[in-house]
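Asker: Provided herewith: coords34.csv, CSV, C-alpha atoms.
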chain,number,residue,atom,x,y,z
L,1,MET,CA,-23.8,-7.8,15.4
L,2,MET,CA,-22.0,-5.5,13.0
L,3,SER,CA,-24.4,-2.7,13.7
L,4,LEU,CA,-23.5,-2.8,17.4
L,5,LEU,CA,-19.8,-2.2,16.8
L,6,PRO,CA,-19.9,1.6,16.5
L,7,SER,CA,-21.6,1.8,19.9
L,8,ARG,CA,-19.1,-0.6,21.4
L,9,GLN,CA,-16.3,1.5,20.0
L,10,SER,CA,-17.8,4.5,21.8
L,11,HIS,CA,-18.2,2.4,25.0
L,12,PHE,CA,-14.5,1.6,24.9
L,13,ARG,CA,-13.5,5.2,24.4
L,14,HIS,CA,-15.1,6.3,27.7
L,15,PHE,CA,-13.0,4.1,29.8
L,16,SER,CA,-9.9,5.5,31.5
L,17,PRO,CA,-6.7,3.5,31.0
L,18,LEU,CA,-7.1,2.1,34.5
L,19,GLU,CA,-10.7,1.1,33.9
L,20,LEU,CA,-9.8,-0.5,30.6
L,21,ARG,CA,-7.0,-2.5,32.2
L,22,LYS,CA,-9.5,-3.8,34.8
L,23,ARG,CA,-11.4,-5.3,31.9
L,24,THR,CA,-8.5,-6.4,29.6
L,25,ILE,CA,-5.2,-6.4,31.5
L,26,ASP,CA,-2.9,-6.5,28.4
L,27,GLY,CA,-5.4,-4.7,26.0
L,28,ARG,CA,-6.0,-7.8,23.8
L,29,GLY,CA,-9.7,-7.4,24.4
L,30,VAL,CA,-9.6,-4.4,22.1
L,31,SER,CA,-6.4,-4.7,20.0
L,32,ASP,CA,-3.4,-6.8,19.2
L,33,ILE,CA,-0.2,-6.9,17.2
L,34,ARG,CA,1.8,-10.1,16.7
L,35,LEU,CA,4.8,-11.2,14.7
L,36,LEU,CA,4.0,-14.6,13.1
L,37,GLU,CA,5.6,-17.0,10.6
L,38,VAL,CA,3.9,-18.8,7.8
L,39,ALA,CA,4.2,-22.5,8.3
L,40,ASP,CA,3.0,-24.0,5.0
L,41,GLY,CA,2.4,-23.4,1.3
L,42,PRO,CA,4.2,-21.0,-1.1
L,43,GLY,CA,4.9,-18.5,1.7
L,44,ARG,CA,6.4,-21.0,4.1
L,45,GLY,CA,9.1,-19.3,6.3
L,46,GLN,CA,8.1,-15.7,5.8
L,47,ARG,CA,7.2,-13.3,8.5
L,48,LEU,CA,3.8,-11.6,9.0
L,49,ILE,CA,2.8,-8.9,11.5
L,50,SER,CA,-0.9,-9.4,12.3
L,51,VAL,CA,-2.8,-6.3,13.5
L,52,ARG,CA,-6.3,-6.0,15.0
L,53,ASN,CA,-8.1,-3.0,16.5
L,54,ALA,CA,-11.4,-2.3,18.3
L,55,SER,CA,-13.1,-0.8,15.3
L,56,GLY,CA,-12.9,-4.0,13.4
L,57,ILE,CA,-9.8,-3.3,11.2
L,58,VAL,CA,-7.6,-6.4,10.7
L,59,PHE,CA,-4.6,-6.4,8.5
L,60,GLU,CA,-1.3,-8.1,8.0
L,61,ILE,CA,2.1,-6.6,7.2
L,62,ALA,CA,4.6,-8.6,5.1
L,63,PRO,CA,8.1,-7.7,6.3
L,64,ASP,CA,9.7,-10.1,3.7
L,65,ARG,CA,7.7,-8.4,0.9
L,66,GLY,CA,8.8,-4.7,1.2
L,67,PHE,CA,6.9,-4.2,4.5
L,68,ASP,CA,3.7,-4.0,2.4
L,69,ILE,CA,0.2,-4.8,3.6
L,70,SER,CA,-0.7,-8.2,2.4
L,71,SER,CA,-4.3,-8.4,3.5
L,72,VAL,CA,-7.0,-6.2,5.1
L,73,ASN,CA,-10.5,-6.7,6.2
L,74,TRP,CA,-13.0,-4.5,8.0
L,75,ARG,CA,-15.6,-5.9,10.3
L,76,GLY,CA,-15.3,-9.3,8.8
L,77,ILE,CA,-15.5,-8.1,5.1
L,78,ASN,CA,-12.5,-8.7,2.9
L,79,ILE,CA,-11.3,-5.4,1.3
L,80,GLY,CA,-7.9,-6.3,-0.2
L,81,TRP,CA,-7.0,-8.5,-3.1
L,82,ASN,CA,-5.1,-11.8,-3.3
L,83,SER,CA,-3.8,-13.6,-6.3
L,84,ALA,CA,-3.1,-17.3,-7.2
L,85,ASN,CA,0.6,-16.7,-6.3
L,86,GLY,CA,-0.1,-17.1,-2.5
L,87,LEU,CA,2.6,-14.7,-1.2
L,88,PRO,CA,5.6,-16.7,-2.4
L,89,PHE,CA,8.7,-16.8,-0.3
L,90,PRO,CA,11.5,-16.3,-1.2
L,91,ALA,CA,10.4,-14.1,-4.0
L,92,ASN,CA,10.7,-15.4,-7.6
L,93,SER,CA,13.2,-13.6,-9.9
L,94,LEU,CA,11.9,-10.3,-11.0
L,95,ASP,CA,14.3,-10.4,-14.0
L,96,ALA,CA,12.8,-13.5,-15.4
L,97,GLU,CA,10.5,-13.7,-18.4
L,98,ASP,CA,11.9,-10.6,-20.0
L,99,GLY,CA,11.4,-8.6,-16.8
L,100,VAL,CA,7.8,-9.5,-15.9
L,101,GLY,CA,8.7,-11.9,-13.1
L,102,PHE,CA,6.8,-9.4,-11.0
L,103,TYR,CA,3.6,-11.2,-12.0
L,104,ARG,CA,5.0,-14.4,-10.3
L,105,ASN,CA,5.0,-12.4,-7.0
L,106,LEU,CA,2.2,-9.8,-7.3
L,107,ASP,CA,-0.2,-10.4,-4.4
L,108,GLY,CA,-1.8,-8.4,-1.6
L,109,PHE,CA,-3.5,-5.1,-0.7
L,110,LEU,CA,-0.6,-2.7,-0.8
L,111,VAL,CA,2.3,-3.4,-3.2
L,112,THR,CA,4.9,-0.7,-3.3
L,113,CYS,CA,6.6,-0.2,-6.7
L,114,GLY,CA,10.0,1.5,-7.1
L,115,LEU,CA,12.3,2.7,-5.8
L,116,ASP,CA,14.2,3.7,-8.9
L,117,HIS,CA,11.7,2.7,-11.5
L,118,ILE,CA,7.9,2.1,-12.0
L,119,GLY,CA,6.1,0.9,-15.2
L,120,GLY,CA,7.2,-1.6,-17.8
L,121,ALA,CA,10.5,-3.4,-17.9
L,122,THR,CA,13.2,-1.3,-19.5
L,123,ARG,CA,16.9,-0.4,-19.7
L,124,THR,CA,18.3,3.0,-18.9
L,125,ASP,CA,21.7,4.6,-19.1
L,126,ALA,CA,24.0,3.9,-16.1
L,127,SER,CA,26.7,6.5,-16.7
L,128,HIS,CA,25.9,8.3,-13.4
L,129,PHE,CA,27.3,5.3,-11.5
L,130,ILE,CA,30.7,5.7,-13.4
L,131,HIS,CA,31.7,2.1,-13.7
L,132,LYS,CA,33.3,0.5,-16.7
L,133,HIS,CA,31.2,-2.6,-16.7
L,134,ARG,CA,27.9,-1.1,-15.9
L,135,LYS,CA,26.7,0.7,-19.1
L,136,GLU,CA,23.0,0.1,-18.5
L,137,VAL,CA,20.6,-0.6,-15.6
L,138,PHE,CA,17.9,-3.2,-16.3
L,139,HIS,CA,14.6,-2.3,-14.6
L,140,PRO,CA,12.1,-5.1,-14.2
L,141,LEU,CA,8.4,-4.3,-14.3
L,142,HIS,CA,7.5,-1.9,-11.4
L,143,GLY,CA,11.0,-2.1,-9.8
L,144,ARG,CA,12.4,-4.3,-7.0
L,145,ILE,CA,11.4,-2.9,-3.6
L,146,ALA,CA,8.3,-5.1,-3.1
L,147,SER,CA,10.4,-8.2,-3.2
L,148,GLN,CA,13.0,-7.0,-0.6
L,149,ARG,CA,13.1,-8.2,3.0
L,150,ALA,CA,12.8,-5.6,5.7
L,151,MET,CA,14.8,-5.2,8.9
L,152,ILE,CA,12.1,-4.6,11.6
L,153,ILE,CA,12.9,-1.7,13.9
L,154,GLY,CA,10.0,-2.4,16.2
L,155,TYR,CA,6.3,-2.9,16.7
L,156,GLY,CA,3.8,-2.6,19.5
L,157,ILE,CA,0.9,-0.6,21.1
L,158,ASN,CA,1.5,2.8,22.7
L,159,TRP,CA,-1.0,3.0,25.5
L,160,ASP,CA,0.5,6.2,26.8
L,161,ARG,CA,-1.0,8.5,24.2
L,162,ASP,CA,-4.3,10.2,24.7
L,163,GLU,CA,-5.5,8.1,21.7
L,164,PRO,CA,-3.5,4.8,22.0
L,165,VAL,CA,-2.0,3.6,18.7
L,166,ILE,CA,-0.8,0.3,17.2
L,167,TRP,CA,2.5,0.8,15.3
L,168,ALA,CA,5.2,-1.1,13.3
L,169,GLU,CA,8.3,0.3,11.7
L,170,ALA,CA,11.0,-1.1,9.4
L,171,LEU,CA,13.9,-0.4,7.0
L,172,VAL,CA,13.8,-1.9,3.5
L,173,LYS,CA,16.9,-1.6,1.3
L,174,GLN,CA,17.3,-1.7,-2.5
L,175,ALA,CA,21.0,-1.8,-3.3
L,176,ALA,CA,23.6,-3.0,-5.8
L,177,ILE,CA,27.4,-2.7,-6.1
L,178,PHE,CA,28.1,0.2,-8.4
L,179,GLY,CA,24.4,0.9,-8.5
L,180,GLU,CA,21.7,2.4,-6.4
L,181,ASN,CA,21.6,2.4,-2.6
L,182,LEU,CA,18.1,3.4,-1.6
L,183,VAL,CA,16.6,2.8,1.8
L,184,LEU,CA,12.9,3.0,2.6
L,185,ARG,CA,12.0,3.7,6.2
L,186,ARG,CA,8.3,2.9,6.7
L,187,ARG,CA,6.1,3.4,9.8
L,188,ILE,CA,2.5,2.0,9.8
L,189,GLU,CA,0.1,3.2,12.5
L,190,LEU,CA,-3.5,2.5,13.4
L,191,GLY,CA,-5.4,4.0,16.3
L,192,VAL,CA,-6.7,1.3,18.8
L,193,PHE,CA,-10.1,2.9,18.4
L,194,GLY,CA,-9.6,4.5,15.0
L,195,ASN,CA,-10.7,3.8,11.4
L,196,THR,CA,-7.6,5.1,9.6
L,197,VAL,CA,-4.4,3.2,8.8
L,198,ARG,CA,-1.5,5.7,8.3
L,199,ILE,CA,1.7,5.0,6.3
L,200,ASP,CA,4.7,7.3,6.6
L,201,ASP,CA,7.6,6.6,4.2
L,202,ARG,CA,11.0,8.2,3.8
L,203,VAL,CA,13.2,7.2,0.9
L,204,GLU,CA,16.9,8.0,1.4
L,205,ASN,CA,19.7,7.8,-1.1
L,206,ARG,CA,22.5,6.3,1.1
L,207,GLY,CA,24.9,6.1,-1.8
L,208,PHE,CA,27.4,8.6,-3.0
L,209,ARG,CA,26.1,9.0,-6.6
L,210,PRO,CA,22.8,10.6,-7.8
L,211,THR,CA,20.1,8.0,-8.3
L,212,PRO,CA,16.8,8.0,-10.2
L,213,HIS,CA,13.8,7.7,-7.9
L,214,ALA,CA,10.2,6.8,-8.5
L,215,ILE,CA,7.4,5.3,-6.3
L,216,LEU,CA,3.9,4.0,-6.9
L,217,TYR,CA,1.4,2.8,-4.2
L,218,HIS,CA,-0.4,-0.1,-5.9
L,219,LEU,CA,-3.5,-0.4,-3.7
L,220,ASN,CA,-5.4,-3.5,-4.7
L,221,PHE,CA,-9.1,-4.2,-3.9
L,222,GLY,CA,-10.8,-7.5,-4.3
L,223,TYR,CA,-14.0,-9.5,-3.7
L,224,PRO,CA,-16.4,-9.1,-2.0
L,225,PHE,CA,-15.6,-5.3,-1.6
L,226,LEU,CA,-15.0,-5.3,-5.3
L,227,ASP,CA,-18.0,-6.3,-7.3
L,228,GLU,CA,-20.4,-5.0,-9.9
L,229,THR,CA,-21.9,-2.4,-7.6
L,230,ILE,CA,-18.7,-0.6,-6.6
L,231,THR,CA,-18.5,3.1,-7.2
L,232,LEU,CA,-15.9,5.8,-7.2
L,233,SER,CA,-15.9,9.4,-5.7
L,234,GLY,CA,-13.4,12.0,-4.7
L,235,ASP,CA,-11.1,14.8,-6.1
L,236,LEU,CA,-11.0,13.3,-9.7
L,237,ASP,CA,-12.2,14.4,-13.1
L,238,SER,CA,-16.0,14.1,-12.9
L,239,ASP,CA,-16.4,12.7,-16.4
L,240,LEU,CA,-13.9,10.0,-15.9
L,241,MET,CA,-15.6,9.0,-12.5
L,242,SER,CA,-19.0,8.9,-14.2
L,243,ASP,CA,-17.5,6.7,-17.0
L,244,PHE,CA,-16.1,4.4,-14.3
L,245,ASN,CA,-19.3,4.2,-12.3
L,246,ASN,CA,-21.4,3.4,-15.3
L,247,SER,CA,-19.0,0.8,-16.7
L,248,ASP,CA,-19.4,-3.0,-16.5
L,249,LYS,CA,-17.3,-4.2,-13.5
L,250,SER,CA,-18.2,-7.9,-13.7
L,251,PRO,CA,-15.5,-10.6,-14.2
L,252,ARG,CA,-15.0,-11.8,-17.8
L,253,ASP,CA,-12.9,-14.5,-19.2
L,254,GLU,CA,-11.5,-12.4,-22.0
L,255,PHE,CA,-11.2,-9.0,-20.2
L,256,VAL,CA,-7.9,-7.3,-21.0
L,257,ASP,CA,-6.5,-5.3,-18.1
L,258,TYR,CA,-5.6,-1.7,-18.5
L,259,PHE,CA,-4.3,1.4,-16.6
L,260,ARG,CA,-5.7,4.9,-17.1
L,261,GLU,CA,-4.7,8.2,-15.5
L,262,PHE,CA,-7.4,10.1,-13.7
L,263,PRO,CA,-6.5,13.8,-13.3
L,264,VAL,CA,-6.9,15.2,-9.7
L,265,THR,CA,-9.1,18.3,-10.1
L,266,SER,CA,-8.9,19.7,-6.5
L,267,ILE,CA,-6.4,22.4,-5.7
L,268,ILE,CA,-6.2,21.5,-2.0
L,269,PRO,CA,-2.9,19.9,-0.8
L,270,THR,CA,-4.5,16.6,0.1
L,271,ALA,CA,-6.2,14.5,-2.5
L,272,ARG,CA,-9.0,12.1,-1.4
L,273,VAL,CA,-10.4,9.2,-3.5
L,274,ALA,CA,-13.0,6.8,-2.2
L,275,LEU,CA,-14.6,3.5,-3.3
L,276,HIS,CA,-18.1,2.5,-2.1
L,277,ASN,CA,-20.0,-0.7,-2.0
L,278,ALA,CA,-23.6,0.0,-0.9
L,279,ALA,CA,-24.6,-3.6,-1.5
L,280,LEU,CA,-22.6,-5.0,1.4
L,281,ILE,CA,-24.2,-5.0,4.9
L,282,GLY,CA,-24.3,-1.5,6.2
L,283,GLY,CA,-22.5,-0.2,3.1
L,284,VAL,CA,-18.6,-0.1,3.0
L,285,ARG,CA,-16.5,2.8,2.1
L,286,ALA,CA,-12.7,2.8,1.7
L,287,GLN,CA,-11.0,6.2,1.2
L,288,ILE,CA,-7.4,7.0,0.5
L,289,SER,CA,-5.8,10.4,1.2
L,290,TYR,CA,-2.3,11.4,0.0
L,291,PRO,CA,-0.2,14.6,-0.7
L,292,ARG,CA,-0.8,15.8,-4.2
L,293,ALA,CA,2.6,17.6,-4.4
L,294,HIS,CA,4.7,14.6,-3.7
L,295,LEU,CA,2.5,12.1,-5.6
L,296,PRO,CA,1.3,14.2,-8.5
L,297,VAL,CA,0.0,11.4,-10.8
L,298,PHE,CA,-3.0,9.2,-10.0
L,299,GLY,CA,-4.4,6.3,-12.0
L,300,ILE,CA,-6.7,3.3,-11.8
L,301,TRP,CA,-5.8,-0.3,-12.9
L,302,ARG,CA,-8.7,-2.4,-14.0
L,303,ALA,CA,-8.1,-6.2,-14.1
L,304,TYR,CA,-11.5,-7.8,-14.3
L,305,GLN,CA,-10.3,-11.0,-16.0
L,306,SER,CA,-11.8,-14.1,-14.4
L,307,GLY,CA,-9.5,-15.5,-11.8
L,308,VAL,CA,-7.7,-12.2,-11.4
L,309,TYR,CA,-10.6,-9.8,-10.7
L,310,ALA,CA,-8.7,-6.8,-9.2
L,311,LEU,CA,-9.1,-3.0,-9.0
L,312,ALA,CA,-6.2,-0.8,-8.0
L,313,LEU,CA,-5.9,2.9,-7.0
L,314,GLU,CA,-2.4,4.1,-7.8
L,315,PRO,CA,-1.0,7.5,-6.5
L,316,MET,CA,2.6,7.8,-7.8
L,317,ARG,CA,5.7,9.8,-8.5
L,318,ARG,CA,7.2,8.9,-11.9
L,319,ALA,CA,10.9,9.3,-12.6
L,320,ASP,CA,10.2,11.0,-15.9
L,321,LEU,CA,8.4,13.9,-14.2
L,322,GLY,CA,10.4,16.9,-13.1
L,323,ASP,CA,9.5,18.9,-10.0
L,324,THR,CA,10.2,22.6,-10.4
L,325,GLU,CA,9.4,23.3,-6.7
L,326,GLY,CA,12.1,20.9,-5.6
L,327,ARG,CA,9.9,18.8,-3.2
L,328,CYS,CA,10.7,15.4,-4.6
L,329,PRO,CA,12.9,15.4,-7.7
L,330,GLU,CA,13.2,12.6,-10.2
L,331,ILE,CA,16.9,12.3,-9.1
L,332,LEU,CA,17.9,11.8,-5.5
L,333,SER,CA,21.3,13.3,-4.7
L,334,ALA,CA,23.6,11.6,-2.3
L,335,GLY,CA,22.1,11.8,1.2
L,336,GLU,CA,18.8,13.3,-0.1
L,337,ILE,CA,15.4,12.1,1.3
L,338,ALA,CA,12.0,12.0,-0.3
L,339,ALA,CA,9.0,11.8,2.1
L,340,TYR,CA,5.5,10.5,1.5
L,341,TRP,CA,2.4,9.6,3.5
L,342,LEU,CA,-0.8,7.7,2.8
L,343,GLU,CA,-4.0,7.3,4.8
L,344,LEU,CA,-6.5,4.5,4.4
L,345,GLU,CA,-9.9,5.1,6.1
L,346,PHE,CA,-12.7,2.5,6.4
L,347,SER,CA,-16.3,3.3,7.3
L,348,SER,CA,-19.9,2.2,6.7
L,349,VAL,CA,-20.9,5.7,5.3
L,350,CYS,CA,-21.9,5.5,1.7
L,351,VAL,CA,-22.1,8.8,-0.3
Before anything else, please render the file you have as structure tokens.
Answerer:
Amino acid sequence: MMSLLPSRQSHFRHFSPLELRKRTIDGRGVSDIRLLEVADGPGRGQRLISVRNASGIVFEIAPDRGFDISSVNWRGINIGWNSANGLPFPANSLDAEDGVGFYRNLDGFLVTCGLDHIGGATRTDASHFIHKHRKEVFHPLHGRIASQRAMIIGYGINWDRDEPVIWAEALVKQAAIFGENLVLRRRIELGVFGNTVRIDDRVENRGFRPTPHAILYHLNFGYPFLDETITLSGDLDSDLMSDFNNSDKSPRDEFVDYFREFPVTSIIPTARVALHNAALIGGVRAQISYPRAHLPVFGIWRAYQSGVYALALEPMRRADLGDTEGRCPEILSAGEIAAYWLELEFSSVCV
């Protein structure tokens, strides 16, 4: 049945909007988007936006977890990663356990890290907020944005475009009195007949003091897409990719997780990195594309420990990196905006 889907997708495309409506009056025969609520378990009470399109892409957006993408599968094959945490709601304290409470919440395909800090838990000077009682800012592991609840602006399917699109948009705020006031505006789009999920982000400093800014897109892949046969390709250092492809990627009880930077070697503005699993039916390929100038650092997290078994691709902007061209500074001035985008393409082409 899976092999017939591309021809079905082409069949859908040749219908006019009127002819398509004759066959599926509200479009649900080819796509859908719904706002749901979890009724049981650790995530009871949280909202999810469920998305499905004609190409076989199905994913869920978690508005109460930074408007991130909590799960994704393609033509019935799970692509994303989920942990033992079970999308807890409300989120556990990030400040707990010496700042690694993040590990009590970490779950899902896309986990956004930031907006003022990424990396290990630390303390930084807070003099820029000019308040007598705030001498330092405590930053938990990978920041706070992934645990914040979004205000949904809207969602739906735009059938008026030449290529109809499913969309959802929200605001996510990270704020403190005499501290940062950063707002993430995120829009997620997927063509009704497309293979690419597009994420557009705008981070605005809505406060009146300069604020450090950092962001990391923690894209987590899990079984069965992640297994011993998965390989890496794209605009990365060839020696490091070869080392990755020839390494043992099996789960092991005593595996120690680690992160490693992979330099992007291409000079083109858009970087592309893909993972392939030729062992799955038809072969599955997941490619990410992103702007090198705004996300200048790229790394891979390997967590093959039994019971965790995750692999993450991580484009990022670190607060300790200056930007001489002024595109996205490590400090956001009052009213300043930093913009990012990310595309996730799924296909059966293995290269």
Asker: Show which residues sit within 12 Å of Trp159 (chain L), as a ChimeraX atom specification. Count all atoms listed in the file, and ignore same-chain residues fewer than 2 positions away.
Answerer: /L:16-18,20-21,25-27,30-32,156-157,161-167,191-193
Asker: Determine the nearest neighbour of Leu232 (chain L) from the options L:Gln174, L:Ser289, L:Asn277, L:Asn220, counting all atoms listed in the file.
Answerer: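 When distances to Leu232 (chain L) are compared using all atoms listed in the file, the smallest one comes from L:Asn277.
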Asker: Leu87 (chain L): which residues within 10 Å, counting all atoms listed in the file, same-chain residues fewer than 2 positions away excluded, as a ChimeraX atom specification?
Answerer: /L:38,41-44,46,62,64-65,70,82-85,89-91,104-108
Asker: Hey, which of L:Ile79, L:Ala319, L:Val183, L:Ile267 ends up closest to Met151 (chain L)? Count all atoms listed in the file.
Answerer: L:Val183
Asker: Let me make sure I understand: among L:Val111, L:Leu171, L:Phe129, L:Gly335, which one has the smallest atom-to-atom distance to Ile152 (chain L) if we use all atoms listed in the file?
Answerer: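 Counting all atoms listed in the file, the residue closest to Ile152 (chain L) is L:Leu171.
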Asker: Given the point (-8.9, -4.5, -14.4) in the file's coordinates, find the residues that have an atom at most 8 Å from it, counting all atoms listed in the file, and give them as a short mmCIF file (atom, residue, chain, number, x, y, z; two decimals) with C-alpha atoms, keeping the file's coordinate frame.
Answerer:
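That gives us result_12.cif:
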data_model
loop_
_atom_site.label_atom_id
_atom_site.label_comp_id
_atom_site.auth_asym_id
_atom_site.auth_seq_id
_atom_site.Cartn_x
_atom_site.Cartn_y
_atom_site.Cartn_z
CA PHE L 255 -11.20 -9.00 -20.20
CA VAL L 256 -7.90 -7.30 -21.00
CA ASP L 257 -6.50 -5.30 -18.10
CA TYR L 258 -5.60 -1.70 -18.50
CA PHE L 259 -4.30 1.40 -16.60
CA TRP L 301 -5.80 -0.30 -12.90
CA ARG L 302 -8.70 -2.40 -14.00
CA ALA L 303 -8.10 -6.20 -14.10
CA TYR L 304 -11.50 -7.80 -14.30
CA GLN L 305 -10.30 -11.00 -16.00
CA TYR L 309 -10.60 -9.80 -10.70
CA ALA L 310 -8.70 -6.80 -9.20
CA LEU L 311 -9.10 -3.00 -9.00
CA ALA L 312 -6.20 -0.80 -8.00
#
